[in-house]
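Here the structure is laid out as structure tokens; the discussion comes afterwards.
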Amino acid sequence: MDVFPIAQAIYHARMLLFMKQDALPTRGMPQWRAKQRNLPVGEKIDLLGKTIQETLAMERIKKVWKPSVAPSQNSSQKES
Amino acid sequence: METVCRTLAELVAEGIIEDYAIGGATAAGFYGEPIATRDIDVFAFVAQPPSAVLITLEPLYVRLAEKGFSEFDEEGILIHGYPVQFICPTPGLEMEAVKMAQVMSWNDLDLKIMRPEYLAAIAIKVGRTKDRARLIYLHELPVFDRSSFLKIIEKHQLKDRWESWAQALDLPY
């Protein structure tokens with residue numbers, strides 16, 4: 001079974017839910033989000049750069065990933 | 001990415017780029033937490049040769065090639081390893097978004113970044129599936145100026161689409 005497309009769909013669904021704050025825990029925004037929002041410009045530029053490079057790396061992984069294919073069952077069953 | 005920003009500043013200082021603003025997901029990431037994106041969208045007014053009949057990015061690409069940047073990754077030209085997609089702003093919303101861009105200063109560098117209200121309006125105008133997610137992200141940023149956004153929407157005839165999206169995405173309108 002190809003799990004990568006399923007994992008990708010779950011990731012995107014979680015991203016959409018994540019963007020709607022209703023889905024966040026009622027205790028408030030996670031600290032890491034608040035921290036990333038309030039970074040000084042220089043650190044923000046570094047973080048944006050890393051994000052782009054990570055996205056490009058993910059694309060390269062997806063390009064070389066091939067779904068595993070179960071060997072086809074060629075044998076034909078003859079009725080006895 | 002600092003090197004990309006410095007290259008942009010050089011192009012402006014040399015007069016190759018008359019004005020620009022960073023847009024798209026990269027610009028959005030300046031106001032919130034970074035969003036996954038593969039390139040930097042730069043909306044740029046490029047100085048045109050006197051004989052040009054159509055708007056062309058050729059003077060920009062010629063200068064970038066002289067600086068050693070001539071390799072492309074899909075629509076973006078690779079500048080210090082980052083795909084940079086240069087876009088000619090269309091009249092109306094995009095041109096206004098470039099003119100009204102926020103200047104962020106850092107060290108000796110001034111960066112022009114499209115404001116979140118304009119990014120949201122452009123997202124509505126472009127209308128892709130991922131633009132809906134981006135609209136939610138921008139709309140919920142603490143720095144998002146809703147009043148300014150509604151004026152932009154009204155001015156650029158996007159009110160109907162905004163209301164339709166807002167209903168579907170459960171955003172206040």
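Following the order of the structure tokens, first chain is A, next is B, and so on, with residues numbered from 1 inside each chain and ligands from 1 in the order they appear.
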For this session: Please provide the set of residues having any atom within 10 Å of Leu47 in chain A, restricted to only C-alpha atoms, with same-chain residues fewer than 3 positions apart removed, written as a ChimeraX atom specification.
Result: /A:36,39,41-44,50-53 /B:1,29-30,33-34
For this session: Identify, on the basis of only C-alpha atoms, every residue whose closest approach to Pro142 in chain B does not exceed 12 Å; exclude the query and any residue fewer than 2 positions from it along the same chain; express the result as a PyMOL selection string.
Result: (chain A and resi 34+37-38) or (chain B and resi 31-33+116-117+137-140+144-146)
Include N, CA and C atoms and write out the residues we just selected as an mmCIF file, in the first residue's frame.
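Done, and the output landed in result-v2.cif:
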data_model
loop_
_atom_site.group_PDB
_atom_site.id
_atom_site.type_symbol
_atom_site.label_atom_id
_atom_site.label_comp_id
_atom_site.auth_asym_id
_atom_site.auth_seq_id
_atom_site.Cartn_x
_atom_site.Cartn_y
_atom_site.Cartn_z
ATOM 1 N N ALA A 34 4.394 31.635 18.314
ATOM 2 C CA ALA A 34 4.507 33.028 18.773
ATOM 3 C C ALA A 34 5.952 33.496 18.614
ATOM 4 N N ARG A 37 6.779 34.213 15.006
ATOM 5 C CA ARG A 37 6.116 35.422 14.507
ATOM 6 C C ARG A 37 6.880 36.675 14.904
ATOM 7 N N ASN A 38 7.490 36.626 16.078
ATOM 8 C CA ASN A 38 8.075 37.845 16.640
ATOM 9 C C ASN A 38 9.588 37.926 16.506
ATOM 10 N N TYR B 31 5.442 38.249 8.281
ATOM 11 C CA TYR B 31 4.473 38.759 9.255
ATOM 12 C C TYR B 31 4.034 37.700 10.256
ATOM 13 N N GLY B 32 4.270 36.449 9.925
ATOM 14 C CA GLY B 32 3.856 35.373 10.808
ATOM 15 C C GLY B 32 4.944 34.326 10.866
ATOM 16 N N GLU B 33 4.536 33.075 11.088
ATOM 17 C CA GLU B 33 5.521 32.007 11.034
ATOM 18 C C GLU B 33 5.665 31.567 9.571
ATOM 19 N N PRO B 116 0.383 42.598 4.401
ATOM 20 C CA PRO B 116 -0.485 41.414 4.475
ATOM 21 C C PRO B 116 -1.872 41.651 3.889
ATOM 22 N N GLU B 117 -2.367 42.895 3.976
ATOM 23 C CA GLU B 117 -3.697 43.162 3.427
ATOM 24 C C GLU B 117 -3.686 43.020 1.908
ATOM 25 N N TYR B 137 -4.620 32.223 6.918
ATOM 26 C CA TYR B 137 -3.381 32.514 7.643
ATOM 27 C C TYR B 137 -3.195 34.024 7.817
ATOM 28 N N LEU B 138 -3.342 34.775 6.724
ATOM 29 C CA LEU B 138 -3.105 36.218 6.777
ATOM 30 C C LEU B 138 -4.170 36.922 7.617
ATOM 31 N N HIS B 139 -5.412 36.505 7.429
ATOM 32 C CA HIS B 139 -6.536 37.171 8.104
ATOM 33 C C HIS B 139 -6.416 37.062 9.616
ATOM 34 N N GLU B 140 -5.782 35.993 10.080
ATOM 35 C CA GLU B 140 -5.710 35.776 11.518
ATOM 36 C C GLU B 140 -4.408 36.281 12.136
ATOM 37 N N PHE B 144 -2.694 42.061 10.922
ATOM 38 C CA PHE B 144 -3.589 42.237 9.768
ATOM 39 C C PHE B 144 -4.561 43.376 10.038
ATOM 40 N N ASP B 145 -4.568 44.379 9.139
ATOM 41 C CA ASP B 145 -5.433 45.547 9.295
ATOM 42 C C ASP B 145 -6.712 45.307 8.493
ATOM 43 N N ARG B 146 -7.732 44.875 9.165
ATOM 44 C CA ARG B 146 -8.971 44.472 8.492
ATOM 45 C C ARG B 146 -9.646 45.637 7.771
#
Report as a tab-separated table: every residue of chain B with an atom at most 10 Å from chain A, its closest pair of atoms, and their distance in Å to one decimal, counting only C-alpha atoms, with rows sorted by chain and ascending residue number.
residue	atom	partner	partner_atom	distance
B:Met1	CA	A:Gly49	CA	4.9
B:Glu2	CA	A:Ile45	CA	6.6
B:Val4	CA	A:Gly49	CA	9.6
B:Cys5	CA	A:Ile45	CA	9.1
B:Ala25	CA	A:Leu48	CA	9.7
B:Thr26	CA	A:Leu48	CA	6.9
B:Ala27	CA	A:Leu48	CA	9.4
B:Gly29	CA	A:Leu48	CA	7.0
B:Phe30	CA	A:Lys44	CA	6.6
B:Tyr31	CA	A:Arg37	CA	6.4
B:Gly32	CA	A:Arg37	CA	4.3
B:Glu33	CA	A:Arg37	CA	4.9
B:Pro34	CA	A:Leu48	CA	6.0
B:Ile35	CA	A:Thr51	CA	7.5
B:Ala36	CA	A:Thr55	CA	6.1
B:Thr37	CA	A:Ile52	CA	5.6
B:Arg38	CA	A:Ile52	CA	5.1
B:Asp39	CA	A:Ile52	CA	6.4
B:Ile40	CA	A:Ile52	CA	8.3
B:Gly81	CA	A:Gln53	CA	8.5
B:Tyr82	CA	A:Ile52	CA	7.6
B:Pro83	CA	A:Ile52	CA	8.9
B:Met104	CA	A:Val41	CA	7.3
B:Ser105	CA	A:Val41	CA	7.6
B:Trp106	CA	A:Gly42	CA	6.3
B:Asn107	CA	A:Gly42	CA	8.1
B:Leu109	CA	A:Gly42	CA	10.0
B:Leu111	CA	A:Val41	CA	9.8
B:Lys130	CA	A:Leu16	CA	9.5
B:Arg132	CA	A:Leu16	CA	9.4
B:Ala133	CA	A:Leu16	CA	6.3
B:Arg134	CA	A:Met19	CA	8.5
B:Leu135	CA	A:Met19	CA	9.6
B:Ile136	CA	A:Met19	CA	6.6
B:Tyr137	CA	A:Met19	CA	5.6
B:Leu138	CA	A:Met19	CA	9.3
B:His139	CA	A:Lys20	CA	10.0
B:Glu140	CA	A:Gln21	CA	8.0
B:Leu141	CA	A:Arg37	CA	9.1
B:Pro142	CA	A:Arg37	CA	9.6
B:Leu169	CA	A:Lys20	CA	9.2
B:Asp170	CA	A:Lys20	CA	9.4
B:Leu171	CA	A:Lys20	CA	9.6
Problem set entry | Å distance separating CA of Leu119 in chain B from CA of Val98 in chain B, one decimal place |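 It comes out at 10.5 Å.
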Problem set entry | Distance of CA of Ala101 in chain B from CA of Val84 in chain B, expressed in Å to one decimal place | 18.3 Å
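Counting only C-alpha atoms, the residue from B:Glu14, B:Glu154, B:Phe43, B:Val143 that sits nearest to Pro91 in chain B is B:Phe43.
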For this session: Skip range 59-66 of chain B itself and residues of its chain fewer than 3 positions away, then list as a PyMOL selection string all residues within 9 Å of it, counting only C-alpha atoms.
Result: chain B and resi 11+16-17+46-49+56+69-71+77+79
Exercise. Leaving out Ile87 in chain B and any residue of its chain fewer than 2 positions from it, which residues lie within 7 Å of it when counting only C-alpha atoms, given as a list in words?
Worked result: Val42, Phe43, Ala44, Gln85 and Pro89 of chain B
For the residues selected in the previous step, produce a file with N, CA, C and O atoms as an mmCIF file, in the first residue's frame.
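Output (selection-v2.cif):
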data_model
loop_
_atom_site.group_PDB
_atom_site.id
_atom_site.type_symbol
_atom_site.label_atom_id
_atom_site.label_comp_id
_atom_site.auth_asym_id
_atom_site.auth_seq_id
_atom_site.Cartn_x
_atom_site.Cartn_y
_atom_site.Cartn_z
ATOM 1 N N VAL B 42 9.212 37.941 -6.483
ATOM 2 C CA VAL B 42 9.579 39.356 -6.447
ATOM 3 C C VAL B 42 8.821 40.072 -7.564
ATOM 4 O O VAL B 42 9.039 39.800 -8.749
ATOM 5 N N PHE B 43 7.913 40.957 -7.157
ATOM 6 C CA PHE B 43 7.173 41.763 -8.129
ATOM 7 C C PHE B 43 8.045 42.985 -8.417
ATOM 8 O O PHE B 43 8.336 43.755 -7.498
ATOM 9 N N ALA B 44 8.486 43.127 -9.667
ATOM 10 C CA ALA B 44 9.493 44.140 -9.965
ATOM 11 C C ALA B 44 9.147 44.964 -11.198
ATOM 12 O O ALA B 44 8.695 44.433 -12.214
ATOM 13 N N GLN B 85 11.500 34.099 -8.461
ATOM 14 C CA GLN B 85 10.609 34.310 -9.602
ATOM 15 C C GLN B 85 10.299 35.797 -9.704
ATOM 16 O O GLN B 85 9.650 36.357 -8.811
ATOM 17 N N PRO B 89 4.432 43.351 -12.219
ATOM 18 C CA PRO B 89 3.140 43.606 -11.578
ATOM 19 C C PRO B 89 2.107 44.037 -12.608
ATOM 20 O O PRO B 89 2.405 44.840 -13.498
#
